[in-house]
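First comes the structure, then the notes that go with it.
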Amino acid sequence: TIRRKILSSVPVTMSELSAFASAIFSIRSSPSACRIEAARLACPLPFSYLSDSAKTSAALHKREWLGTKSNIWRRITFELQQTRQKYDFCPSATLAQQDSPARESIRFQQHRLVQKMAEMIESTWAKHLDLTDYWLPEDLGFVEGRLEGEKLVIENKCYQSRVFRKMHLELARVGNTLDILHCVMFPRPQYAIPMFGVDLVGGRGQLSACIVDLSPVSPDLSLPAGYCADLDARLTASFSQPRDLPPWGSLIFSKYCTFIRPADEAEEDAFLEHVRSFLEVHCMQAQQAAPLDDAGATQVLDGQKRYCSQQQQNDKTRRVLEKAFGEDWAERYMTTVLFDLPDSI
C-alpha cells in the first residue's frame, strides 16, 4: 500500500507507516525472506509523502520520531535491530555483520593513548548513560580506502540515550603513519547542555595534537553554572606543551578547552584522566538536565549548528576524505556521520 501511494504521489499516514513497521517486526521466516523485506525497507520514504496528520503526530512525538524523514527511518531500523534477538530477524543494517566474521577494532593497532581513550569513553558512557545503538548507513560504519599509497581504515561507533541524540566515536588509521580518534556527543536540542568533543592525532608513536572541550551552545558562549563548578573542582592537570587554538575555534570553544602536544607517556596518561573528568562531569550533569520548551530547544539547535559550521572550517579532514574517496563521498560522510543535525526540533 505504501509503495503504491508513493508511486501515485498520495500522502502516507502515520498509522500506515506504523503498520508497515509492525509487519516487518513480525517476520519469523527464513533468512532469505528477511533479506527481501530488508531490501524493501532500504527504499527511503520521503517525509513529504506523510500526510499533514502524520506530520503533526510525528511532531507531537518528536522524542521518539524527531519529525524528519531520516530519523523516522532511523527509528524504524533501530526498532528492528532491537527486536532481532526476540524475533530471530535479520534487518538490513546487520546483514553484512551476519555474513562476515567478527572484526577486531582497529584501536588495538593504534597508539596506546588512542586505545585507552576509546575504551575509557565507552566505559564511561556505559556507566552513566542508558545506551542504545544509533543507526548509521551500513557502508559508513567500517570504511577502507587508499591515501597516497597507504591503506586508510575508518571505524565508527554511534550510540544514543535519553539526553543525547548521537554519541559518535570515530577511529581512523592511515598505514603505520597516522592514528586518529574523534569523538563528539550531540545532545538532543531539548536539553541546554554543551557539546563534548575530544580529538587525538598522531603518527609514528608520537601524538602531535590532543584537544578536549565542553563547547557551549548558548548565545553568550557560557557554560551552565553547574558545569563550571564541577570543572573548576576537578581539573587540576597542567601540561608542558600547550598549543594555540585555531582562529575558527573562538566562536565555539569554552575557557576550559585544552589543546596540547603531550611531552611523554606521563602527560599522555594525565591527558586521559583530564578527559575522563570532562566526560564524567558531562554525563552526570546531563542526567540532571530538564527538557526545554520549543523556544529554548530552537536556541540550543542554533548553537549546535554554529558548532558544526565552525568545525567544518577545519578543512584538513575534508581534504583527506576527498583525496581517498572523492568529493561526493566526502560530503556525504561529513554531513551524515561527522556533523549531521536535525532540520528542526
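Ligands are numbered from 1 in the order shown, residues from 1 within each chain, and chains are lettered A, B, ... in the order they appear in the C-alpha cells.
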
Original post:
region 102-206 of chain A: which residues are helix (DSSP H, G or I) by DSSP, as a PyMOL selection string?
Top reply: chain A and resi 106-109+112-128+138-141

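Checking A:Glu148, A:Pro291, A:Cys183, A:Pro137 one by one against Glu322 (chain A), counting only C-alpha atoms, you find the shortest gap at A:Glu148.
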
Subject >> Shell of 6 Å around region 296-313 of chain A, only C-alpha atoms, local chain residues under 6 positions omitted, as a PyMOL selection string >> reply: chain A and resi 189-190+217+252+339

**OP:** Give me every strand (DSSP E) residue in region 121-243 of chain A, going by DSSP on the backbone, as JSON, numbers by chain.
**Re:** {"A": [132, 133, 142, 143, 144, 145, 146, 147, 150, 151, 152, 153, 154, 155, 156, 157, 158, 159, 160, 164, 165, 166, 167, 168, 169, 170, 171, 172, 173, 174, 178, 179, 180, 181, 182, 183, 184, 185, 186, 187, 195, 196, 197, 198, 199, 200, 201, 202, 203, 206, 207, 208, 209, 210, 211, 212, 213, 214, 215]}

**OP:** Tell me, as an NGL selection string, which residues lie within 8 Å of region 282-284 of chain A, counting only C-alpha atoms; anything in the same chain fewer than 3 positions away does not count.
**Re:** :A and (125 or 128-129 or 196 or 214 or 227 or 278-279 or 287-288)

**OP:** Could you check how far CA of Ala266 (chain A) sits from CA of Ala237 (chain A), in Å to one decimal?
**Re:** 11.3 Å

**OP:** Check the smallest atom-to-atom distance from each of A:Asp230, A:Asp179, A:Asp315, A:Glu331 to Cys210 (chain A) using only C-alpha atoms, then report the winner.
**Re:** A:Asp179

Original post:
Near Pro242 (chain A), counting only C-alpha atoms, which residues have an atom at most 8 Å away, once you skip same-chain residues fewer than 3 positions from it, shown as a ChimeraX atom specification?
Top reply: /A:239,258-261
